[in-house]
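S.K.: Pasting a structure here, questions to come.
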Amino acid sequence: MAMGRKKQRQQTLFVATADLPRTPAHPFYEHLNSLLAAHRFDAVVEELCRRFYHDKMGRPSLPPGVYFRMLLIGYFEGIDSERGIAWRVADSLSLRAFVGVGVNETAPDHSTVSRNRRAIALEAHQEVFAWVLGVLAKEQLISGKSIGVDATTLEANAALRSIVRRDSKESYQEFLTRLAQASGIETPTREDLAKLDRERPKKGSNAEWEHPYDPEARITKMKDGSTHLAHKAEHAVDMGEDAVGAVLAVTLQGADQGDTKTIITTVAQAQENMAVLVEDPQTAPHIHAEPIREVTTDKGYHSNGTMTWLDQQEIRSYTSEPKRGKRRWKDKAQARAAVYANRRRIRGRRGKRLIRRRGEFVERSMAHVYETGRMRRLHLRGNENILKRLLVHVGGFNLSLVMRKHLGKGTPRGFQGLLLRLFYILVMLWNAVPTSRRSLPTRWSHRQV
C-alpha cells in the first residue's frame, strides 16, 4: 500500500450551506429543538426576560432563547465554563444549528453570555427551571409524593492562599508573620511560619477568614480529604413509584452548614415548585394533586430537630439512623415520638426499598450533573451567579429524562453510541444469514455492491 502525501489544495471561494457536512450529533439536537418548540420555549423565556431588556437603548443583545440554550449545552456537552461553551458553539456546526446561529454569523462570545447572566434576575432562572418541570409533568414523568434529598460540595473559584481576615483584612501570610513577631521571632522564615501554623488550633475557621472576591465560599473538607473553599449544592429528587428521578429542587447554600439545617430550605423549595405545577391548569391534570408526603435521606440528616420539623410538616421521614448509643428523652416527648416513628419506618419493607431507591435516583442525578456534566469545579463567584448557572444545568438534566423517553438516550454522546450499536447489530444479523440466502435488490449489480 502506497503512502499518501498531503497535497496543497485551493480553498473553495463559496460553499453552499446545504453542502456543509452534518455531524452525528445533529439528530439529538434536532429532536431537542423540536421538543423545546413544541412547548413554546422561546416565547416563554422571551416573556419572562422582557423586563430585563430595553426596547430602544443599547446594542442588540443575546436573545433569551439563545442564552438559555448555550447554558443547556454546558450540561449536554459536559463543559464547565461559559468560555468553553462559547468556544464549542463557535466550533461546532450542530451546536450552531441548535442555538440558532448561522454559519455566516459570529457565535456569541463568552462575555456576552456572562453579561446576560448578570442582567437576567435569579427569579427568571428559577421560573425557567419550573418551566422544565412543567414539561416533565406534561410528559407524565413526575410523581412528587416521595422525594430523596442529598447534598454535595462544589469547589469554589477561589484559592485558599488568597483568604483574608474578616476583621483586619490582612492576608494569611501577613497574619502568621505578625504572630511570629509577637512570639519573639523578628524575621521569621518560611519554616518558622509553617511550624507556627501547624501548632495553631482552629486555623481554618470560617468565622475568622473569608475570600475577598467570593465571601460566600466556605473553607470545607472535600470528599477526597483535601481542603478547599467550596459551596454546597443540595438536590430534592422525585422518587415516586413511577418516577424517573427528576430533580424537583436544587439549592445552593453555605458549605459549612450541616445537612440538618439545609434540608429545610431544600424541602420547602421542592414543595413550592410542586405547588406551582398543581396550580397551573396545563400541568395539574398530569400529576397527583397530593403534596410531598415522604422524604428519604441518609444518616447525615438525622437529628431531633429534623425529625420533629418533618413531623410537623406532616411528612413521613425515612432517614437512616446513626448509632448514638442509649438516648435520654427527658422533656423531649415530641422528638422521641418523631425519632421512634422514623426508626419503625426504616425497618419496614417500604423503608428499605425507599433507601435503596434514594441511592439509585439521587446519586445518579449528582453523577450526571457534577461528574459527567463537569460542574464539580466552579468558574463563577457568588451564590447568585452560581445558582443561576446551576438551575439551567440541572434543568438540562431534567430535559435529558424527556429525551431518554423519546429517543432511548438522554445525551448526544449516548445517542451517537446508540446509532453505532444499531449499525453493528445489523451487521451481525447480516453475517448470521447464510450466504446462499442473502439477497440484494435487483436494481443493484454485483459491481455496485
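Each chain of the C-alpha cells is named A, B, ... in the order shown, its residues numbered from 1; ligands are numbered from 1 in display order.
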Please provide as a ChimeraX atom specification all residues within 10 Å of A:His286, with the sequence filter that same-chain residues fewer than 6 positions apart are discarded (counting only C-alpha atoms).

M.R.: /A:134,136-143,277-278

S.K.: Can I get the selection written as a compact mmCIF listing (two decimals), in the first residue's frame, with N, CA and C atoms?

M.R.:
# COMPACT_ATOMS: atom_id res chain seq x y z
N GLY A 134 -42.52 21.67 34.33
CA GLY A 134 -43.81 21.58 33.67
C GLY A 134 -43.78 20.68 32.45
N LEU A 136 -41.80 18.09 32.08
CA LEU A 136 -41.78 16.73 32.60
C LEU A 136 -43.16 16.30 33.10
N ALA A 137 -43.89 17.25 33.70
CA ALA A 137 -45.23 16.92 34.18
C ALA A 137 -46.15 16.57 33.02
N LYS A 138 -46.07 17.33 31.93
CA LYS A 138 -46.90 17.03 30.76
C LYS A 138 -46.52 15.71 30.12
N GLU A 139 -45.26 15.31 30.28
CA GLU A 139 -44.83 14.01 29.77
C GLU A 139 -45.10 12.88 30.78
N GLN A 140 -45.76 13.23 31.90
CA GLN A 140 -46.12 12.28 32.95
C GLN A 140 -44.87 11.59 33.53
N LEU A 141 -43.85 12.40 33.81
CA LEU A 141 -42.60 11.90 34.38
C LEU A 141 -42.38 12.39 35.80
N ILE A 142 -43.40 12.98 36.42
CA ILE A 142 -43.28 13.49 37.79
C ILE A 142 -44.38 12.91 38.65
N SER A 143 -44.01 12.41 39.81
CA SER A 143 -44.97 11.94 40.78
C SER A 143 -45.11 12.95 41.91
N LEU A 277 -46.81 23.60 39.96
CA LEU A 277 -47.31 22.64 38.97
C LEU A 277 -48.77 22.29 39.23
N VAL A 278 -49.13 22.18 40.50
CA VAL A 278 -50.52 21.84 40.85
C VAL A 278 -51.48 22.98 40.50

S.K.: Taking only stretch 283-436 of chain A into account, list the residues labelled alpha helix (DSSP H) by DSSP (computed from the backbone), as a PyMOL selection string.

M.R.: chain A and resi 304-312+333-346+349-366+383-407+412-432

S.K.: Find the residues near A:Met222: any atom within 9 Å, counting only C-alpha atoms, skip ones fewer than 4 places away on the same chain, and give them as a list in words.

M.R.: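 Skipping anything fewer than 4 positions along the chain leaves Thr153, Leu154, Glu155, Ser226, Thr227, His228 and Ala230 of chain A.
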
S.K.: Emit the selected residues as a PDB file, in the first residue's frame, including C-alpha atoms.

M.R.:
ATOM      1  CA  THR A 153     -19.753  20.180  47.804  1.00  0.00           C
ATOM      2  CA  LEU A 154     -18.573  22.127  44.741  1.00  0.00           C
ATOM      3  CA  GLU A 155     -15.062  23.538  44.647  1.00  0.00           C
ATOM      4  CA  SER A 226      -8.480  17.785  50.697  1.00  0.00           C
ATOM      5  CA  THR A 227      -9.474  21.213  51.984  1.00  0.00           C
ATOM      6  CA  HIS A 228     -10.804  23.889  49.622  1.00  0.00           C
ATOM      7  CA  ALA A 230     -16.429  25.396  48.432  1.00  0.00           C
TER       8      ALA A 230
END

S.K.: Mind giving me the straight-line distance from atom CA of A:Ala255 to atom CA of A:Thr220 in Å, one decimal?

M.R.: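 These two atoms are separated by 6.4 Å.
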
S.K.: Given only C-alpha atoms as the basis, pick out the residue of A:Phe41, A:Ser400, A:His211, A:Asp331 nearest to A:Glu170.

M.R.: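 Among A:Phe41, A:Ser400, A:His211, A:Asp331, it is A:His211 that comes nearest to A:Glu170.
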